[in-house]
Amino acid sequence: MQSLWHDEEAARFGGPLGERVYTSRLLGRDASLVLHGGGNTSMKADGANRFGESEPLLYVKGSGWDLASIEAAGFTPVRLEPVRRLATLERLSDPEMVAELALQTTRVGAPAPSVETILHAALPARYVDHTHADAVLAITHAPRGEARIREIYGSRVVVVPYVMPGFDLARWVAREFPRQARADTIGMVLLDHGIFSFGETARESYERMITLVDLAERYLDRHGAWSVTTPRTPAAAEVSALDQANLRARLAQAAGAPLIMRTCTTEQTLAFARRDDAAALASAGPPTPDHSIRTKPFPLCGGDVDGYVATYRAYFAEHAARARDAKTMLDPAPRVVLDARFGLAAAGRTAKDANIVADLYPQAIDVLARSAALGGYVGLRQSDLFDAEYWDLEQAKLARAGKPPMFAGEIALVTGAASGIGKATVDALLARGAAVVGLDRDPSIVALHRRAEFLGLAADVTDARAVESALREAVLAFGGIDLLVLNAGVFPASASIAALDDEAWRRTMAVNVDANLALMRAVHPLLKLAPRRGRVVVIGSKNVPAPGPGAAAYSASKAALNQLARVAALEWGADGIRVNTLHPNAVFDTGLWTPEVLAQRAARYGLSVDAYKRNNVLGVEVTSRDVAELAAEMLGPLFGKTTGAQLAVDGGNDRVI
Ligand code: ZN
């Protein structure tokens with residue numbers, strides 16, 4: 001482990017908190033130190049109050065900020081002395097602590113200060129850094145962990161036994177640190193939790209963290225516990241997409257709500273899941289207590305979801321009974337699944353949550369495997385894990401959380417998603433909480449959105465193999481497909497029947513009919529597994545009820561698709577799958593309509609462009625967004641008892657009405 005400090009880079013971070021921000025980000029850059037809101041840092045400095053009087057303040061990481069991307073605004077200023085004094089109280093409940101810290105905050109609108117704020121205040125140094133370094137955790141969880149830590153560090157660190165993070169830990173440190181610290185003490189090791197370093201400058205505190213963690217890494221290396229990936233790489237597993245969708249369906253059933261599930265098949269996860277002692281190691285609990293909020297205290301090893309639920313219920317019943325306050329049980333579905341066939345699957349109520357689990361668990365695997373190489377992994381007591389998972393403040397968050405968005409935990413597939421109605425549908429579904437897979441032959445689809453809830457895949461819908469591999473990728477990323485929007489289509493150049501070219505006809509049919517049939521067939525087994533029953537919206541056309549001259553191929557293809565959708569509604573109703581069709585007309589904000597084409601068309605009808613756009617019964621312009629919003633609602637509960645329906649979204653067409 002090496003210091004990443006660079007003077008030129010540091011100089012770019014200005015302001016009184018500049019170096020604090022910079023070194024916090026340096027810690028955040030290394031996944032083996034902190035991940036996803038784990039760890040925290042602080043700085044003590046004098047501030048001026050409204051009367052121009054100086055008062056000592058503590059700037060501490062606010063909740064909701066990651067060290068990797070923190071800015072000055074992410075540090076919350078609190079009055080140092082009153083906060084330090086809180087540690088002298090006998091007792092302070094978590095809600096009381098949050099209230100006291102809020103009272104001492106000196107900036108309106110600052111984020112809630114870290115739960116370790118009192119601990120940061122209790123340490124005398126100007127800068128304090130805290131991480132959950134993997135290497136340190138691997139040693140503290142090994143047999144004789146505490147003795148090993150003392151052997152490695154001597155008086156350079158104060159060793160803190162496991163105490164619940166928050167007030168109790170701060171109180172322990174406030175009392176014991178002054179007694180145990182020596183002249184050469186530069187940090188603290190918190191057994192089974194993490195490590196602190198401190199110093200008089202940001203750089204000193206940060207580089208001491210690096211020094212301390214480096215000593216732990218060297219110790220592991222000396223004891224043959226550093227490189228733990230098995231030398232013979234297990235053959236990559238070919239997991240079936242349908243098997244994974246089945247697993248996700250069973251997890252969702254256990255959770256009582258749709259879940260996103262990401263399959264993470266890597267050399268590391270496969271090697272770990274195939275160890276004889278994988279279940280024993282993993283069941284001993286996560287390496288640091290706050291992981292249990294994300295990963296739950298133990299994973300599912302193998303495929304017995306019901307067995308897991310029973311074990312989880314028993315764990316809850318046992319520990320809730322001795323808790324001071326009444327606890328509300330979280331859903332009992334596993335968040336981590338280990339399986340020799342695919343390695344790791346990570347689940348969450350949203351794609352973001354699943355991704356966090358997918359990031360955290362491989363780090364946990366490194367710790368488990370390294371402790372095992374030192375002779376075994378000694379986990380936290382289950383009661384401690386329960387206290388972290390069912391912490392008051394997390395329970396309060398749960399009580400505050402409103403109704404989840406309409407499609408939370410559900411997965412949608414949209415074809416022709418790079419532009420026009422397809423692109424607008426992606427937006428409408430993301431806004432309603434779905435994870436969305438966008439399919440398009442335009443490669444720009446891949447970068448349409450850079451967010452956890454979106455997967456853009458470049459594939460031509462007429463290429464069966466490309467579609468099959470896209471579906472597989474979608475299932476491995478999110479766990480299934482619950483919602484399908486068939487939007488991709490072509491609109492060939494106008495031609496009379498007499499002049500219609502066979503090839504143009506076939507090409508139109510291939511995209512607008514054959515490709516949709518193939519896709520419906522391929523997605524059907526996935527829709528059948530949808531936790532809230534599968535739903536399909538087909539983007540049809542006004543040309544179905546009112547065809548136009550010169551559009552034989554297009555009108556015939558859309559009519560065939562229309563019948564296909566109606567038959568699907570009949571056949572799939574028994575599986576609870578709903579299939580409905582939208583018939584848009586004159587949607588001009590799509591790739592097909594350049595300003596020139598629009599002007600030509602309008603001129604042909606003797607209309608201005610604006611009048612041409614609004615040439616319908618209501619005299620309104622119909623946009624991609626109008627169609628997309630209606631498509632999203634058709635997939636939602638409002639249309640829960642409607643299938644086989646066709647709805648126009650065209651401003652009213654006198655030929656159709
Ligand atoms: Zn911590």
# chains A, B, ... in the order shown; residues from 1 in each chain; ligands from 1

call {"tool": "residues_near_ligand", "arguments": {"ligand": "ligand 1", "cutoff": "8 Å", "atoms": "only C-alpha atoms and all ligand atoms", "output": "PyMOL selection string"}}
result
chain A and resi 38-40+116+130-132+165+193-195+288+290

call {"tool": "residues_around", "arguments": {"residues": "range 54-66 of chain A", "least_positions_apart": "3", "cutoff": "7 Å", "atoms": "only C-alpha atoms", "output": "list in words"}}
result
His36, Gly37, Asn40, Thr41, Ser42, Met43, Lys44, Ala45, Asp46, Gly47, Ala48, Asn49, Ser69, Ile70, Gly74, Phe75, Thr76, Pro77, Val78, Arg79, Leu80, Pro111, Ala112, Pro113, Ser114, Thr117 and Ala121 of chain A

call {"tool": "select_by_dssp", "arguments": {"residues": "range 286-434 of chain A", "states": "strand (DSSP E or B)", "output": "PyMOL selection string"}}
result
chain A and resi 300-301+336-339+343-348+411-415

call {"tool": "write_last_selection", "arguments": {"atoms": "N, CA, C and O atoms", "output": "PDB file, in the first residue's frame"}}
result
ATOM      1  N   LEU A 300     -27.062 -16.790   1.500  1.00  0.00           N
ATOM      2  CA  LEU A 300     -27.639 -18.075   1.124  1.00  0.00           C
ATOM      3  C   LEU A 300     -26.551 -18.853   0.390  1.00  0.00           C
ATOM      4  O   LEU A 300     -25.998 -18.374  -0.600  1.00  0.00           O
ATOM      5  N   CYS A 301     -26.221 -20.042   0.887  1.00  0.00           N
ATOM      6  CA  CYS A 301     -25.242 -20.880   0.195  1.00  0.00           C
ATOM      7  C   CYS A 301     -26.010 -22.003  -0.485  1.00  0.00           C
ATOM      8  O   CYS A 301     -26.619 -22.827   0.195  1.00  0.00           O
ATOM      9  N   VAL A 336     -27.229 -11.928  -0.557  1.00  0.00           N
ATOM     10  CA  VAL A 336     -26.043 -12.541  -1.163  1.00  0.00           C
ATOM     11  C   VAL A 336     -26.333 -14.022  -1.345  1.00  0.00           C
ATOM     12  O   VAL A 336     -26.790 -14.678  -0.410  1.00  0.00           O
ATOM     13  N   VAL A 337     -26.100 -14.517  -2.565  1.00  0.00           N
ATOM     14  CA  VAL A 337     -26.233 -15.944  -2.819  1.00  0.00           C
ATOM     15  C   VAL A 337     -24.884 -16.447  -3.331  1.00  0.00           C
ATOM     16  O   VAL A 337     -24.322 -15.877  -4.266  1.00  0.00           O
ATOM     17  N   LEU A 338     -24.365 -17.482  -2.685  1.00  0.00           N
ATOM     18  CA  LEU A 338     -23.123 -18.110  -3.145  1.00  0.00           C
ATOM     19  C   LEU A 338     -23.474 -19.468  -3.720  1.00  0.00           C
ATOM     20  O   LEU A 338     -24.231 -20.227  -3.104  1.00  0.00           O
ATOM     21  N   ASP A 339     -22.952 -19.749  -4.904  1.00  0.00           N
ATOM     22  CA  ASP A 339     -23.298 -21.008  -5.566  1.00  0.00           C
ATOM     23  C   ASP A 339     -22.116 -21.441  -6.429  1.00  0.00           C
ATOM     24  O   ASP A 339     -21.566 -20.619  -7.175  1.00  0.00           O
ATOM     25  N   GLY A 343     -20.908 -18.590  -8.803  1.00  0.00           N
ATOM     26  CA  GLY A 343     -20.147 -17.697  -7.922  1.00  0.00           C
ATOM     27  C   GLY A 343     -21.055 -16.932  -6.981  1.00  0.00           C
ATOM     28  O   GLY A 343     -21.546 -17.475  -6.000  1.00  0.00           O
ATOM     29  N   LEU A 344     -21.318 -15.683  -7.343  1.00  0.00           N
ATOM     30  CA  LEU A 344     -22.060 -14.785  -6.453  1.00  0.00           C
ATOM     31  C   LEU A 344     -23.251 -14.153  -7.168  1.00  0.00           C
ATOM     32  O   LEU A 344     -23.154 -13.771  -8.333  1.00  0.00           O
ATOM     33  N   ALA A 345     -24.382 -14.053  -6.485  1.00  0.00           N
ATOM     34  CA  ALA A 345     -25.486 -13.213  -6.950  1.00  0.00           C
ATOM     35  C   ALA A 345     -25.799 -12.224  -5.839  1.00  0.00           C
ATOM     36  O   ALA A 345     -25.850 -12.595  -4.665  1.00  0.00           O
ATOM     37  N   ALA A 346     -25.961 -10.947  -6.235  1.00  0.00           N
ATOM     38  CA  ALA A 346     -26.191  -9.871  -5.256  1.00  0.00           C
ATOM     39  C   ALA A 346     -27.575  -9.287  -5.492  1.00  0.00           C
ATOM     40  O   ALA A 346     -27.916  -8.941  -6.623  1.00  0.00           O
ATOM     41  N   ALA A 347     -28.380  -9.192  -4.436  1.00  0.00           N
ATOM     42  CA  ALA A 347     -29.757  -8.729  -4.602  1.00  0.00           C
ATOM     43  C   ALA A 347     -30.002  -7.449  -3.817  1.00  0.00           C
ATOM     44  O   ALA A 347     -29.335  -7.165  -2.822  1.00  0.00           O
ATOM     45  N   GLY A 348     -30.984  -6.667  -4.294  1.00  0.00           N
ATOM     46  CA  GLY A 348     -31.372  -5.436  -3.604  1.00  0.00           C
ATOM     47  C   GLY A 348     -32.721  -4.974  -4.104  1.00  0.00           C
ATOM     48  O   GLY A 348     -33.188  -5.425  -5.155  1.00  0.00           O
ATOM     49  N   ILE A 411     -37.955  -4.960 -13.877  1.00  0.00           N
ATOM     50  CA  ILE A 411     -37.032  -4.803 -14.998  1.00  0.00           C
ATOM     51  C   ILE A 411     -37.814  -4.703 -16.303  1.00  0.00           C
ATOM     52  O   ILE A 411     -38.675  -5.543 -16.571  1.00  0.00           O
ATOM     53  N   ALA A 412     -37.499  -3.671 -17.088  1.00  0.00           N
ATOM     54  CA  ALA A 412     -38.185  -3.461 -18.366  1.00  0.00           C
ATOM     55  C   ALA A 412     -37.204  -3.615 -19.518  1.00  0.00           C
ATOM     56  O   ALA A 412     -36.038  -3.226 -19.405  1.00  0.00           O
ATOM     57  N   LEU A 413     -37.686  -4.171 -20.615  1.00  0.00           N
ATOM     58  CA  LEU A 413     -36.902  -4.221 -21.852  1.00  0.00           C
ATOM     59  C   LEU A 413     -37.618  -3.362 -22.885  1.00  0.00           C
ATOM     60  O   LEU A 413     -38.808  -3.552 -23.136  1.00  0.00           O
ATOM     61  N   VAL A 414     -36.901  -2.405 -23.474  1.00  0.00           N
ATOM     62  CA  VAL A 414     -37.476  -1.511 -24.485  1.00  0.00           C
ATOM     63  C   VAL A 414     -36.669  -1.681 -25.765  1.00  0.00           C
ATOM     64  O   VAL A 414     -35.432  -1.551 -25.735  1.00  0.00           O
ATOM     65  N   THR A 415     -37.332  -1.943 -26.881  1.00  0.00           N
ATOM     66  CA  THR A 415     -36.598  -2.047 -28.148  1.00  0.00           C
ATOM     67  C   THR A 415     -36.672  -0.716 -28.894  1.00  0.00           C
ATOM     68  O   THR A 415     -37.601   0.066 -28.687  1.00  0.00           O
TER      69      THR A 415
END

call {"tool": "atom_distance", "arguments": {"atom1": "CA of Ser444 in chain A", "atom2": "CA of Val467 in chain A"}}
result
17.0 Å

call {"tool": "closest_atom_pairs", "arguments": {"of": "range 211-320 of chain A", "to": "range 446-466 of chain A", "cutoff": "12 Å", "atoms": "only C-alpha atoms", "output": "Markdown table"}}
result
| residue | atom | partner | partner_atom | distance |
| --- | --- | --- | --- | --- |
| A:Ile260 | CA | A:Glu453 | CA | 9.6 |
| A:Met261 | CA | A:Glu453 | CA | 11.7 |
| A:Arg262 | CA | A:Ala452 | CA | 11.0 |

call {"tool": "closest_atom_pairs", "arguments": {"of": "range 161-211 of chain A", "to": "range 133-154 of chain A", "cutoff": "12 Å", "atoms": "only C-alpha atoms", "output": "JSON lines"}}
result
{"residue": "A:Pro161", "atom": "CA", "partner": "A:Glu146", "partner_atom": "CA", "distance": 8.6}
{"residue": "A:Tyr162", "atom": "CA", "partner": "A:Thr140", "partner_atom": "CA", "distance": 10.3}
{"residue": "A:Gln180", "atom": "CA", "partner": "A:Gly154", "partner_atom": "CA", "distance": 11.6}
{"residue": "A:Ala181", "atom": "CA", "partner": "A:Gly154", "partner_atom": "CA", "distance": 11.0}
{"residue": "A:Arg182", "atom": "CA", "partner": "A:Gly154", "partner_atom": "CA", "distance": 10.1}
{"residue": "A:Ala183", "atom": "CA", "partner": "A:Gly154", "partner_atom": "CA", "distance": 12.0}
{"residue": "A:Asp184", "atom": "CA", "partner": "A:Gly154", "partner_atom": "CA", "distance": 9.6}
{"residue": "A:Thr185", "atom": "CA", "partner": "A:Gly154", "partner_atom": "CA", "distance": 9.0}
{"residue": "A:Ile186", "atom": "CA", "partner": "A:Tyr153", "partner_atom": "CA", "distance": 10.0}
{"residue": "A:Gly187", "atom": "CA", "partner": "A:Tyr153", "partner_atom": "CA", "distance": 9.6}
{"residue": "A:Met188", "atom": "CA", "partner": "A:Tyr153", "partner_atom": "CA", "distance": 9.8}
{"residue": "A:Val189", "atom": "CA", "partner": "A:Ile149", "partner_atom": "CA", "distance": 7.9}
{"residue": "A:Leu190", "atom": "CA", "partner": "A:Thr140", "partner_atom": "CA", "distance": 8.6}
{"residue": "A:Leu191", "atom": "CA", "partner": "A:Thr140", "partner_atom": "CA", "distance": 5.6}
{"residue": "A:Asp192", "atom": "CA", "partner": "A:Thr140", "partner_atom": "CA", "distance": 5.8}
{"residue": "A:His193", "atom": "CA", "partner": "A:Leu137", "partner_atom": "CA", "distance": 6.9}
{"residue": "A:Gly194", "atom": "CA", "partner": "A:Ala133", "partner_atom": "CA", "distance": 6.1}
{"residue": "A:Ile195", "atom": "CA", "partner": "A:Ala133", "partner_atom": "CA", "distance": 6.9}
{"residue": "A:Phe196", "atom": "CA", "partner": "A:Ala133", "partner_atom": "CA", "distance": 9.8}
{"residue": "A:Ser197", "atom": "CA", "partner": "A:Ala133", "partner_atom": "CA", "distance": 11.7}
{"residue": "A:Met209", "atom": "CA", "partner": "A:Ala133", "partner_atom": "CA", "distance": 9.4}
{"residue": "A:Ile210", "atom": "CA", "partner": "A:Ala133", "partner_atom": "CA", "distance": 9.8}
{"residue": "A:Thr211", "atom": "CA", "partner": "A:Tyr153", "partner_atom": "CA", "distance": 10.6}

call {"tool": "write_last_selection", "arguments": {"atoms": "N, CA and C atoms", "output": "mmCIF file, in the first residue's frame"}}
result
data_model
loop_
_atom_site.group_PDB
_atom_site.id
_atom_site.type_symbol
_atom_site.label_atom_id
_atom_site.label_comp_id
_atom_site.auth_asym_id
_atom_site.auth_seq_id
_atom_site.Cartn_x
_atom_site.Cartn_y
_atom_site.Cartn_z
ATOM 1 N N PRO A 161 -11.615 -3.004 21.813
ATOM 2 C CA PRO A 161 -12.412 -4.219 21.637
ATOM 3 C C PRO A 161 -13.667 -3.897 20.837
ATOM 4 N N TYR A 162 -14.377 -4.916 20.362
ATOM 5 C CA TYR A 162 -15.582 -4.611 19.591
ATOM 6 C C TYR A 162 -16.635 -3.970 20.486
ATOM 7 N N GLN A 180 -4.457 4.920 27.413
ATOM 8 C CA GLN A 180 -3.665 3.909 26.705
ATOM 9 C C GLN A 180 -2.718 4.471 25.659
ATOM 10 N N ALA A 181 -2.962 5.710 25.206
ATOM 11 C CA ALA A 181 -2.104 6.266 24.145
ATOM 12 C C ALA A 181 -0.703 6.538 24.690
ATOM 13 N N ARG A 182 0.301 6.310 23.834
ATOM 14 C CA ARG A 182 1.699 6.587 24.188
ATOM 15 C C ARG A 182 2.226 7.671 23.245
ATOM 16 N N ALA A 183 3.453 8.092 23.482
ATOM 17 C CA ALA A 183 4.012 9.178 22.663
ATOM 18 C C ALA A 183 4.041 8.822 21.178
ATOM 19 N N ASP A 184 4.238 7.537 20.870
ATOM 20 C CA ASP A 184 4.340 7.156 19.448
ATOM 21 C C ASP A 184 3.006 6.651 18.871
ATOM 22 N N THR A 185 1.910 6.829 19.585
ATOM 23 C CA THR A 185 0.618 6.330 19.081
ATOM 24 C C THR A 185 0.120 7.201 17.922
ATOM 25 N N ILE A 186 -0.204 6.555 16.804
ATOM 26 C CA ILE A 186 -0.673 7.302 15.626
ATOM 27 C C ILE A 186 -2.024 6.789 15.135
ATOM 28 N N GLY A 187 -2.612 5.828 15.859
ATOM 29 C CA GLY A 187 -3.900 5.315 15.387
ATOM 30 C C GLY A 187 -4.558 4.401 16.397
ATOM 31 N N MET A 188 -5.678 3.818 15.976
ATOM 32 C CA MET A 188 -6.420 2.858 16.805
ATOM 33 C C MET A 188 -6.879 1.735 15.887
ATOM 34 N N VAL A 189 -6.803 0.503 16.376
ATOM 35 C CA VAL A 189 -7.428 -0.597 15.645
ATOM 36 C C VAL A 189 -8.685 -0.999 16.403
ATOM 37 N N LEU A 190 -9.807 -0.988 15.712
ATOM 38 C CA LEU A 190 -11.078 -1.391 16.296
ATOM 39 C C LEU A 190 -11.307 -2.840 15.882
ATOM 40 N N LEU A 191 -11.183 -3.755 16.827
ATOM 41 C CA LEU A 191 -11.285 -5.173 16.475
ATOM 42 C C LEU A 191 -12.610 -5.460 15.781
ATOM 43 N N ASP A 192 -12.531 -6.219 14.692
ATOM 44 C CA ASP A 192 -13.711 -6.624 13.922
ATOM 45 C C ASP A 192 -14.520 -5.442 13.398
ATOM 46 N N HIS A 193 -13.889 -4.296 13.237
ATOM 47 C CA HIS A 193 -14.601 -3.123 12.711
ATOM 48 C C HIS A 193 -13.738 -2.328 11.734
ATOM 49 N N GLY A 194 -12.550 -1.858 12.142
ATOM 50 C CA GLY A 194 -11.747 -1.048 11.227
ATOM 51 C C GLY A 194 -10.572 -0.409 11.926
ATOM 52 N N ILE A 195 -10.112 0.714 11.379
ATOM 53 C CA ILE A 195 -8.895 1.339 11.875
ATOM 54 C C ILE A 195 -9.002 2.861 11.794
ATOM 55 N N PHE A 196 -8.387 3.561 12.745
ATOM 56 C CA PHE A 196 -8.281 5.025 12.739
ATOM 57 C C PHE A 196 -6.809 5.418 12.659
ATOM 58 N N SER A 197 -6.572 6.564 12.007
ATOM 59 C CA SER A 197 -5.255 7.198 12.116
ATOM 60 C C SER A 197 -5.520 8.667 12.376
ATOM 61 N N MET A 209 -2.365 6.376 7.952
ATOM 62 C CA MET A 209 -3.315 5.303 7.612
ATOM 63 C C MET A 209 -2.641 4.325 6.658
ATOM 64 N N ILE A 210 -1.993 4.884 5.627
ATOM 65 C CA ILE A 210 -1.331 4.042 4.629
ATOM 66 C C ILE A 210 -0.244 3.196 5.298
ATOM 67 N N THR A 211 0.544 3.824 6.150
ATOM 68 C CA THR A 211 1.616 3.105 6.853
ATOM 69 C C THR A 211 1.043 1.951 7.675
#
